[in-house]
Amino acid sequence: MNFYTFSISHRNATINIREKFYLSDQETSEFLLQLNDTINIQEAIVLSTCNRMEVYYLSESNQTDLILKLLCAFKCELPSKKYYKYIDSYEHEAGIKHLLEVGMGLDSFILGDLQIYGQLKNAYNIATEVGMCKSYLHRLMHTLFNVHKKVFNETEFLKGATSCAYNAAKLLKDTYLPHETTLIIGIGDMGKNVAGYLSRLNVKNVFLTNRTMSKAIQMCNETGFQLLHYDQLNAHLSSFDHIISCVDGNSRTFGVGDFDGAYPKTLIDLGTPRSINSQLLKYGCQVLNIDDLSKYKEQTLATRKSEIEKVNTLIQEGIHQFALWKKEQNMVPTVRFLKQQLQELRELSLANFKKEMNPEEIAAAEKVSNQLINKIISLPAVQLRKACQRGDSADLSEALTALFTLDKEEILS
């Protein structure tokens, strides 16, 4: 089995393409199970965000074509050939490197995006819940977590904030007037982040609304912002100067007819799929989406760019450690074989004496001999691990296997 990555991202696809393939958490779970049922992929993680839809998986061969066909069928029978040009595919170590780069924010739409790490952890949890993560992906994801911890502690790369949520808040802070009002629609992860940034930036006259009002109430309590009941949203939309939509376009969209001829100055669309109709541009509104916000540069980016080399070094260290783990896993059958051979020798030896022993003596002999086997097997296990680090484990493995394949009766005679 080898590691592969299927990717549709901001590198090759604009937002109108990416949003066609966006998967909710529930859809992600269902798609993972279809990967298993339809393509027989046993281990996979599916990451779906506003900027990328990626599948990290183990397979005997590259399954890009089949994954695209399945994805297109899953998302409203889209014709797969039309979208092939938007796909990147990575194999083996290149796939591992890509995953780690994504997790560190090196491959993000905005360099060093802080949200992607949490999104990857969520994708990992979903895959684990449906049984699509086993030893390989568990180890790989924990390698990613360890590298991320080092990047955070040993570099300045993840310091500061340049996420879409932060850029939206900073843009509003720099353009709004003290008497103007702002409405955030949707208090999911994105909405919470935007509200948090607006609060820290000391933006006033902010209102929050959400279909589940308890979330909006809790966020109002945390930020001191005001509450707009969701059932009053339509009646009050036209009264706000700035609106930030953090809902996806599948659940709600906002267009010209929603504003009764009175339009806000700024409409920021952070939904995936988009939830604000771009036709509002014709009515004097500034309409911005996720792609537009990437143009809002921050000084933080300069610092992050200067730290890229350090991050790449830590990623390479992570790749090396994961490669060592894979080599050690290849030694597991050898260690298991050695232990089996030693156990058989132990049982043959004890069989000659058990007839002369009482039950207590047999139990004691079993316990002591098992402890001895475990101590003996630890020695070649340690040496195999060291050989993996030196890169010459194959010869030692073959020698140990050959040594213990000797006829056990000959050894005992």
# chains A, B, ... in the order shown; residues from 1 in each chain; ligands from 1
>>> residues_around(residues="range 282-293 of chain A", least_positions_apart="4", cutoff="12 Å", atoms="only C-alpha atoms", output="compact mmCIF listing (two decimals) with C-alpha atoms, in the first residue's frame")
# COMPACT_ATOMS: atom_id res chain seq x y z
CA HIS A 10 -7.19 27.41 -4.74
CA ARG A 11 -4.01 26.67 -6.70
CA ALA A 13 -9.62 26.23 -9.09
CA THR A 14 -11.50 29.47 -8.46
CA ILE A 15 -14.13 29.68 -5.74
CA ASN A 16 -17.01 28.94 -8.14
CA ARG A 18 -14.27 24.79 -5.38
CA GLU A 19 -17.70 25.35 -3.91
CA THR A 49 -12.81 23.76 3.34
CA CYS A 50 -13.55 26.92 1.41
CA ASN A 51 -10.12 26.67 -0.25
CA SER A 108 -3.00 28.03 2.35
CA PHE A 109 -4.68 30.74 0.30
CA ILE A 110 -3.34 33.14 2.92
CA THR A 162 -4.07 36.53 8.52
CA SER A 163 -7.09 34.24 8.21
CA CYS A 164 -10.15 35.13 6.14
CA ALA A 165 -12.00 35.91 9.37
CA TYR A 166 -9.25 38.27 10.52
CA ASN A 167 -8.95 39.94 7.12
CA ALA A 168 -12.71 40.54 7.05
CA ALA A 169 -12.62 42.07 10.53
CA LYS A 170 -9.55 44.20 9.79
CA LEU A 171 -11.03 45.44 6.52
CA LEU A 172 -14.18 46.49 8.32
CA THR A 175 -13.35 51.38 6.63
CA MET A 190 -16.15 31.33 10.97
CA ASP A 241 -24.31 49.48 6.94
CA HIS A 242 -22.13 46.37 6.80
CA ILE A 243 -23.11 42.70 6.63
CA ILE A 244 -20.82 39.70 7.03
CA SER A 245 -22.45 36.44 5.99
CA CYS A 246 -20.92 33.29 7.48
CA PHE A 254 -29.04 37.07 0.02
CA GLY A 255 -29.91 38.94 -3.16
CA VAL A 256 -31.27 42.23 -4.47
CA GLY A 257 -34.83 41.48 -3.36
CA PHE A 259 -33.00 44.77 0.83
CA ASP A 260 -36.13 46.76 -0.08
CA GLY A 261 -34.14 49.27 -2.12
CA ALA A 262 -31.84 50.23 0.78
CA TYR A 263 -28.48 48.53 0.42
CA PRO A 264 -25.54 48.19 2.82
CA LYS A 265 -22.18 49.75 2.01
CA THR A 266 -20.28 46.49 2.45
CA LEU A 267 -21.27 42.85 2.03
CA ILE A 268 -18.62 40.29 2.96
CA ASP A 269 -19.38 36.71 1.94
CA LEU A 270 -17.50 34.09 3.98
CA GLY A 271 -19.89 31.27 3.09
CA THR A 272 -19.05 28.12 1.17
CA PRO A 273 -20.92 27.88 -1.15
CA ARG A 274 -21.29 31.65 -1.43
CA SER A 275 -24.40 33.14 0.13
CA ILE A 276 -24.40 36.71 -1.29
CA ASN A 277 -25.47 37.37 -4.88
CA SER A 278 -22.81 39.35 -6.75
CA LYS A 297 -2.29 42.02 2.82
CA GLU A 298 -0.93 42.17 6.33
>>> select_by_dssp(residues="range 116-249 of chain A", states="helix (DSSP H, G or I)", output="PyMOL selection string")
chain A and resi 116-129+135-154+164-175+189-200+213-223+230-239
>>> write_last_selection(atoms="C-alpha atoms", output="JSON list (two decimals), in the first residue's frame")
[["chain", "number", "residue", "atom", "x", "y", "z"],
["A", 116, "ILE", "CA", -6.49, 24.92, 8.50],
["A", 117, "TYR", "CA", -4.89, 23.03, 11.40],
["A", 118, "GLY", "CA", -8.20, 22.84, 13.25],
["A", 119, "GLN", "CA", -9.98, 21.88, 10.04],
["A", 120, "LEU", "CA", -7.53, 19.02, 9.50],
["A", 121, "LYS", "CA", -8.03, 17.81, 13.07],
["A", 122, "ASN", "CA", -11.78, 17.83, 12.48],
["A", 123, "ALA", "CA", -11.33, 15.87, 9.23],
["A", 124, "TYR", "CA", -9.18, 13.36, 11.11],
["A", 125, "ASN", "CA", -11.83, 12.98, 13.82],
["A", 126, "ILE", "CA", -14.56, 12.38, 11.24],
["A", 127, "ALA", "CA", -12.47, 9.71, 9.49],
["A", 128, "THR", "CA", -11.71, 8.06, 12.83],
["A", 129, "GLU", "CA", -15.39, 8.01, 13.79],
["A", 135, "SER", "CA", -2.36, 2.60, 12.10],
["A", 136, "TYR", "CA", -0.82, 4.36, 9.05],
["A", 137, "LEU", "CA", -3.01, 7.48, 9.04],
["A", 138, "HIS", "CA", -3.13, 7.63, 12.85],
["A", 139, "ARG", "CA", 0.67, 7.76, 12.90],
["A", 140, "LEU", "CA", 0.87, 10.22, 9.99],
["A", 141, "MET", "CA", -1.60, 12.63, 11.58],
["A", 142, "HIS", "CA", 0.22, 12.51, 14.90],
["A", 143, "THR", "CA", 3.42, 13.26, 12.99],
["A", 144, "LEU", "CA", 1.62, 16.32, 11.61],
["A", 145, "PHE", "CA", 0.50, 17.33, 15.11],
["A", 146, "ASN", "CA", 4.08, 17.06, 16.42],
["A", 147, "VAL", "CA", 5.50, 19.11, 13.53],
["A", 148, "HIS", "CA", 2.82, 21.76, 14.07],
["A", 149, "LYS", "CA", 3.75, 21.99, 17.75],
["A", 150, "LYS", "CA", 7.41, 22.51, 16.83],
["A", 151, "VAL", "CA", 6.54, 25.13, 14.19],
["A", 152, "PHE", "CA", 4.45, 27.00, 16.77],
["A", 153, "ASN", "CA", 7.08, 26.82, 19.52],
["A", 154, "GLU", "CA", 10.30, 27.16, 17.51],
["A", 164, "CYS", "CA", -10.15, 35.13, 6.14],
["A", 165, "ALA", "CA", -12.00, 35.91, 9.37],
["A", 166, "TYR", "CA", -9.25, 38.27, 10.52],
["A", 167, "ASN", "CA", -8.95, 39.94, 7.12],
["A", 168, "ALA", "CA", -12.71, 40.54, 7.05],
["A", 169, "ALA", "CA", -12.62, 42.07, 10.53],
["A", 170, "LYS", "CA", -9.55, 44.20, 9.79],
["A", 171, "LEU", "CA", -11.03, 45.44, 6.52],
["A", 172, "LEU", "CA", -14.18, 46.49, 8.32],
["A", 173, "LYS", "CA", -12.20, 48.13, 11.12],
["A", 174, "ASP", "CA", -10.27, 50.23, 8.59],
["A", 175, "THR", "CA", -13.35, 51.38, 6.63],
["A", 189, "ASP", "CA", -16.64, 28.59, 13.58],
["A", 190, "MET", "CA", -16.15, 31.33, 10.97],
["A", 191, "GLY", "CA", -18.74, 33.63, 12.54],
["A", 192, "LYS", "CA", -17.24, 33.15, 16.01],
["A", 193, "ASN", "CA", -13.79, 34.02, 14.69],
["A", 194, "VAL", "CA", -15.05, 37.15, 12.93],
["A", 195, "ALA", "CA", -16.92, 38.28, 16.04],
["A", 196, "GLY", "CA", -13.87, 37.63, 18.20],
["A", 197, "TYR", "CA", -11.60, 39.66, 15.93],
["A", 198, "LEU", "CA", -14.10, 42.55, 15.68],
["A", 199, "SER", "CA", -14.29, 42.60, 19.48],
["A", 200, "ARG", "CA", -10.50, 42.65, 19.87],
["A", 213, "MET", "CA", -30.19, 31.49, 18.88],
["A", 214, "SER", "CA", -28.33, 29.98, 21.84],
["A", 215, "LYS", "CA", -25.05, 30.25, 19.89],
["A", 216, "ALA", "CA", -25.66, 33.92, 19.10],
["A", 217, "ILE", "CA", -26.62, 34.66, 22.71],
["A", 218, "GLN", "CA", -23.46, 32.98, 24.02],
["A", 219, "MET", "CA", -21.26, 34.94, 21.59],
["A", 220, "CYS", "CA", -23.01, 38.20, 22.51],
["A", 221, "ASN", "CA", -22.24, 37.47, 26.16],
["A", 222, "GLU", "CA", -18.57, 36.87, 25.30],
["A", 223, "THR", "CA", -18.11, 39.96, 23.11],
["A", 230, "TYR", "CA", -33.21, 35.35, 13.58],
["A", 231, "ASP", "CA", -36.93, 35.67, 12.89],
["A", 232, "GLN", "CA", -36.40, 39.44, 12.59],
["A", 233, "LEU", "CA", -33.54, 39.13, 10.09],
["A", 234, "ASN", "CA", -35.53, 39.81, 6.92],
["A", 235, "ALA", "CA", -37.21, 42.87, 8.42],
["A", 236, "HIS", "CA", -33.93, 44.48, 9.51],
["A", 237, "LEU", "CA", -31.44, 43.54, 6.75],
["A", 238, "SER", "CA", -31.73, 46.92, 5.05],
["A", 239, "SER", "CA", -30.94, 48.84, 8.24]]
>>> closest_residue(among="A:Leu33, A:Leu183, A:Leu23, A:Val55", to="Asp248 in chain A", atoms="only C-alpha atoms")
A:Leu23
>>> atom_distance(atom1="CA of Lys82 in chain A", atom2="CA of Glu43 in chain A")
27.4 Å
>>> select_by_dssp(residues="range 169-231 of chain A", states="strand (DSSP E or B)", output="list in words")
Thr182, Leu183, Ile184, Ile185, Val206, Phe207, Leu208, Thr209, Gln226 and Leu227 of chain A
>>> atom_distance(atom1="CA of Thr5 in chain A", atom2="CA of Gly95 in chain A")
5.4 Å
>>> atom_distance(atom1="CA of Asp107 in chain A", atom2="CA of Ser89 in chain A")
14.4 Å
>>> closest_residue(among="A:Glu309, A:Leu280, A:Val102, A:Lys97", to="Ala323 in chain A", atoms="only C-alpha atoms")
A:Lys97
>>> residues_around(residues="range 59-75 of chain A", least_positions_apart="3", cutoff="8 Å", atoms="only C-alpha atoms", output="number ranges by chain")
A: 1-4, 6, 20-21, 31, 35, 39, 41-42, 78-80, 84, 89, 91
